[in-house]
Amino acid sequence: MKAKENEKTFPESESPKPENPKPENPKPENPKPENPKPESTNSQSLNSQSPEPEDPSDGPEPEKTVWVCQYQSCDRSGSAEVLEAFRQAQLPPGTRVESSGCMGQCSSGPTVRVSPDRIWYCRVKPSDVEAIVEEHLERGKPIDRLLNPRIHLRFYY
Ligand code: FES
């Protein structure tokens, strides 16, 4: 079971985009956001809300996305409550919250990633959400105590 989790693909937003099969067409038929959504790999662990963001034609493209893992290990560690706390929070304009599949940090979940800031938080609790919103999303200062040390390496001299 644990080995299977580690085999899940990383929902990287920089994945290659398919080539346009109709280069002669000057207008794209279906404008898509720059960041493709990671696909859920376990529909049972997700809540029934649609993983799709609001219709992009409804407003400007979000500047930041808070990805909250809802896959197995993170789900067992309470990531559904973390996602709900983000959804209930008063987010700054231009910020959206999305559920995601496994992000490869299963042993330190719930995992939260903020893009395009490239900030990874680990072991996030619902009570941490207010600090992330106020300090990171509003003031641009990531929460040091929540940074994933496997990604945000620290060096001591
Ligand atoms: S289950 Fe792997 S990062 Fe959440």
# chains A, B, ... in the order shown; residues from 1 in each chain; ligands from 1

$ residues_around --residues "segment 113-126 of chain A" --least-positions-apart "6" --cutoff "6 Å" --atoms "only C-alpha atoms" --output "PyMOL selection string"
chain A and resi 64-67+82+85+146-148

$ write_last_selection --atoms "C-alpha atoms" --output "mmCIF file, in the first residue's frame"
data_model
loop_
_atom_site.group_PDB
_atom_site.id
_atom_site.type_symbol
_atom_site.label_atom_id
_atom_site.label_comp_id
_atom_site.auth_asym_id
_atom_site.auth_seq_id
_atom_site.Cartn_x
_atom_site.Cartn_y
_atom_site.Cartn_z
ATOM 1 C CA LYS A 64 -2.054 32.229 -6.858
ATOM 2 C CA THR A 65 -3.333 28.743 -6.287
ATOM 3 C CA VAL A 66 -3.282 26.896 -2.981
ATOM 4 C CA TRP A 67 -3.177 23.182 -3.699
ATOM 5 C CA VAL A 82 -7.521 21.745 5.906
ATOM 6 C CA ALA A 85 -10.623 25.708 6.294
ATOM 7 C CA LEU A 146 5.384 24.942 8.260
ATOM 8 C CA LEU A 147 7.854 24.751 5.364
ATOM 9 C CA ASN A 148 8.538 21.233 4.180
#

$ residues_around --residues "Leu91 of chain A" --least-positions-apart "3" --cutoff "9 Å" --atoms "only C-alpha atoms" --output "ChimeraX atom specification"
/A:86-88,94-97,133-134,137-138

$ closest_atom_pairs --of "chain A" --to "ligand 1" --cutoff "7 Å" --atoms "only C-alpha atoms and all ligand atoms" --output "JSON lines"
{"residue": "A:Glu5", "atom": "CA", "partner": "ligand 1", "partner_atom_place_in_ligand_line": "2 (Fe)", "distance": 6.5}
{"residue": "A:Cys69", "atom": "CA", "partner": "ligand 1", "partner_atom_place_in_ligand_line": "4 (Fe)", "distance": 4.7}
{"residue": "A:Gln70", "atom": "CA", "partner": "ligand 1", "partner_atom_place_in_ligand_line": "4 (Fe)", "distance": 6.2}
{"residue": "A:Tyr71", "atom": "CA", "partner": "ligand 1", "partner_atom_place_in_ligand_line": "1 (S)", "distance": 4.3}
{"residue": "A:Gln72", "atom": "CA", "partner": "ligand 1", "partner_atom_place_in_ligand_line": "1 (S)", "distance": 4.9}
{"residue": "A:Ser73", "atom": "CA", "partner": "ligand 1", "partner_atom_place_in_ligand_line": "1 (S)", "distance": 4.2}
{"residue": "A:Cys74", "atom": "CA", "partner": "ligand 1", "partner_atom_place_in_ligand_line": "4 (Fe)", "distance": 4.3}
{"residue": "A:Asp75", "atom": "CA", "partner": "ligand 1", "partner_atom_place_in_ligand_line": "1 (S)", "distance": 7.0}
{"residue": "A:Gly101", "atom": "CA", "partner": "ligand 1", "partner_atom_place_in_ligand_line": "4 (Fe)", "distance": 6.8}
{"residue": "A:Cys102", "atom": "CA", "partner": "ligand 1", "partner_atom_place_in_ligand_line": "2 (Fe)", "distance": 3.8}
{"residue": "A:Met103", "atom": "CA", "partner": "ligand 1", "partner_atom_place_in_ligand_line": "3 (S)", "distance": 4.1}
{"residue": "A:Gly104", "atom": "CA", "partner": "ligand 1", "partner_atom_place_in_ligand_line": "3 (S)", "distance": 4.5}
{"residue": "A:Gln105", "atom": "CA", "partner": "ligand 1", "partner_atom_place_in_ligand_line": "3 (S)", "distance": 3.9}
{"residue": "A:Cys106", "atom": "CA", "partner": "ligand 1", "partner_atom_place_in_ligand_line": "2 (Fe)", "distance": 3.4}
{"residue": "A:Gly109", "atom": "CA", "partner": "ligand 1", "partner_atom_place_in_ligand_line": "4 (Fe)", "distance": 5.5}
{"residue": "A:Pro110", "atom": "CA", "partner": "ligand 1", "partner_atom_place_in_ligand_line": "4 (Fe)", "distance": 6.0}
{"residue": "A:Thr111", "atom": "CA", "partner": "ligand 1", "partner_atom_place_in_ligand_line": "3 (S)", "distance": 5.5}

$ write_last_selection --atoms "N, CA and C atoms" --output "mmCIF file, in the first residue's frame"
data_model
loop_
_atom_site.group_PDB
_atom_site.id
_atom_site.type_symbol
_atom_site.label_atom_id
_atom_site.label_comp_id
_atom_site.auth_asym_id
_atom_site.auth_seq_id
_atom_site.Cartn_x
_atom_site.Cartn_y
_atom_site.Cartn_z
ATOM 1 N N GLU A 5 1.514 4.383 -3.046
ATOM 2 C CA GLU A 5 1.404 5.827 -2.909
ATOM 3 C C GLU A 5 2.615 6.519 -3.504
ATOM 4 N N CYS A 69 -3.532 18.665 -0.918
ATOM 5 C CA CYS A 69 -3.581 17.255 -1.285
ATOM 6 C C CYS A 69 -4.754 16.561 -0.592
ATOM 7 N N GLN A 70 -5.478 15.785 -1.365
ATOM 8 C CA GLN A 70 -6.606 15.026 -0.822
ATOM 9 C C GLN A 70 -6.423 13.530 -1.055
ATOM 10 N N TYR A 71 -5.182 13.128 -1.308
ATOM 11 C CA TYR A 71 -4.948 11.716 -1.564
ATOM 12 C C TYR A 71 -4.784 10.964 -0.236
ATOM 13 N N GLN A 72 -4.537 9.696 -0.327
ATOM 14 C CA GLN A 72 -4.671 8.775 0.798
ATOM 15 C C GLN A 72 -3.983 9.205 2.097
ATOM 16 N N SER A 73 -2.675 9.359 2.088
ATOM 17 C CA SER A 73 -1.969 9.659 3.338
ATOM 18 C C SER A 73 -2.393 11.001 3.902
ATOM 19 N N CYS A 74 -2.474 11.981 3.040
ATOM 20 C CA CYS A 74 -2.887 13.302 3.509
ATOM 21 C C CYS A 74 -4.331 13.266 3.990
ATOM 22 N N ASP A 75 -5.155 12.527 3.295
ATOM 23 C CA ASP A 75 -6.550 12.405 3.709
ATOM 24 C C ASP A 75 -6.644 11.810 5.108
ATOM 25 N N GLY A 101 -4.262 15.740 -6.207
ATOM 26 C CA GLY A 101 -3.840 14.382 -5.940
ATOM 27 C C GLY A 101 -2.513 14.413 -5.210
ATOM 28 N N CYS A 102 -1.907 13.242 -5.102
ATOM 29 C CA CYS A 102 -0.657 13.122 -4.371
ATOM 30 C C CYS A 102 0.417 14.019 -4.970
ATOM 31 N N MET A 103 1.141 14.695 -4.092
ATOM 32 C CA MET A 103 2.232 15.562 -4.525
ATOM 33 C C MET A 103 3.589 14.984 -4.131
ATOM 34 N N GLY A 104 3.601 13.708 -3.761
ATOM 35 C CA GLY A 104 4.862 13.035 -3.481
ATOM 36 C C GLY A 104 5.461 13.319 -2.120
ATOM 37 N N GLN A 105 4.696 13.879 -1.221
ATOM 38 C CA GLN A 105 5.200 14.190 0.125
ATOM 39 C C GLN A 105 4.300 13.511 1.161
ATOM 40 N N CYS A 106 3.983 12.265 0.901
ATOM 41 C CA CYS A 106 2.963 11.551 1.664
ATOM 42 C C CYS A 106 3.282 11.426 3.150
ATOM 43 N N GLY A 109 2.247 14.767 5.305
ATOM 44 C CA GLY A 109 0.997 15.452 5.041
ATOM 45 C C GLY A 109 0.270 15.867 6.306
ATOM 46 N N PRO A 110 -0.764 16.625 6.127
ATOM 47 C CA PRO A 110 -1.314 17.138 4.886
ATOM 48 C C PRO A 110 -0.364 18.112 4.179
ATOM 49 N N THR A 111 -0.239 17.898 2.883
ATOM 50 C CA THR A 111 0.639 18.726 2.079
ATOM 51 C C THR A 111 -0.163 19.847 1.429
#

$ closest_residue --among "A:Asp128, A:Gly78, A:Phe155, A:Leu83" --to "Ile143 of chain A" --atoms "only C-alpha atoms"
A:Asp128

$ atom_distance --atom1 "atom CA of Arg139 of chain A" --atom2 "atom CA of Glu63 of chain A"
14.3 Å

$ residues_around --residues "Val68 of chain A" --least-positions-apart "6" --cutoff "6 Å" --atoms "only C-alpha atoms" --output "list in words"
Leu83, Ser99, Ser100 and Val112 of chain A

$ write_last_selection --atoms "C-alpha atoms" --output "PDB file, in the first residue's frame"
ATOM      1  CA  LEU A  83      -9.132  22.149   2.488  1.00  0.00           C
ATOM      2  CA  SER A  99      -7.777  19.992  -4.104  1.00  0.00           C
ATOM      3  CA  SER A 100      -5.022  17.935  -5.638  1.00  0.00           C
ATOM      4  CA  VAL A 112      -0.192  22.223   0.875  1.00  0.00           C
TER       5      VAL A 112
END

$ atom_distance --atom1 "atom CA of Glu81 of chain A" --atom2 "atom CA of Pro149 of chain A"
22.8 Å

$ atom_distance --atom1 "atom CA of Val129 of chain A" --atom2 "atom CA of Ser77 of chain A"
15.1 Å
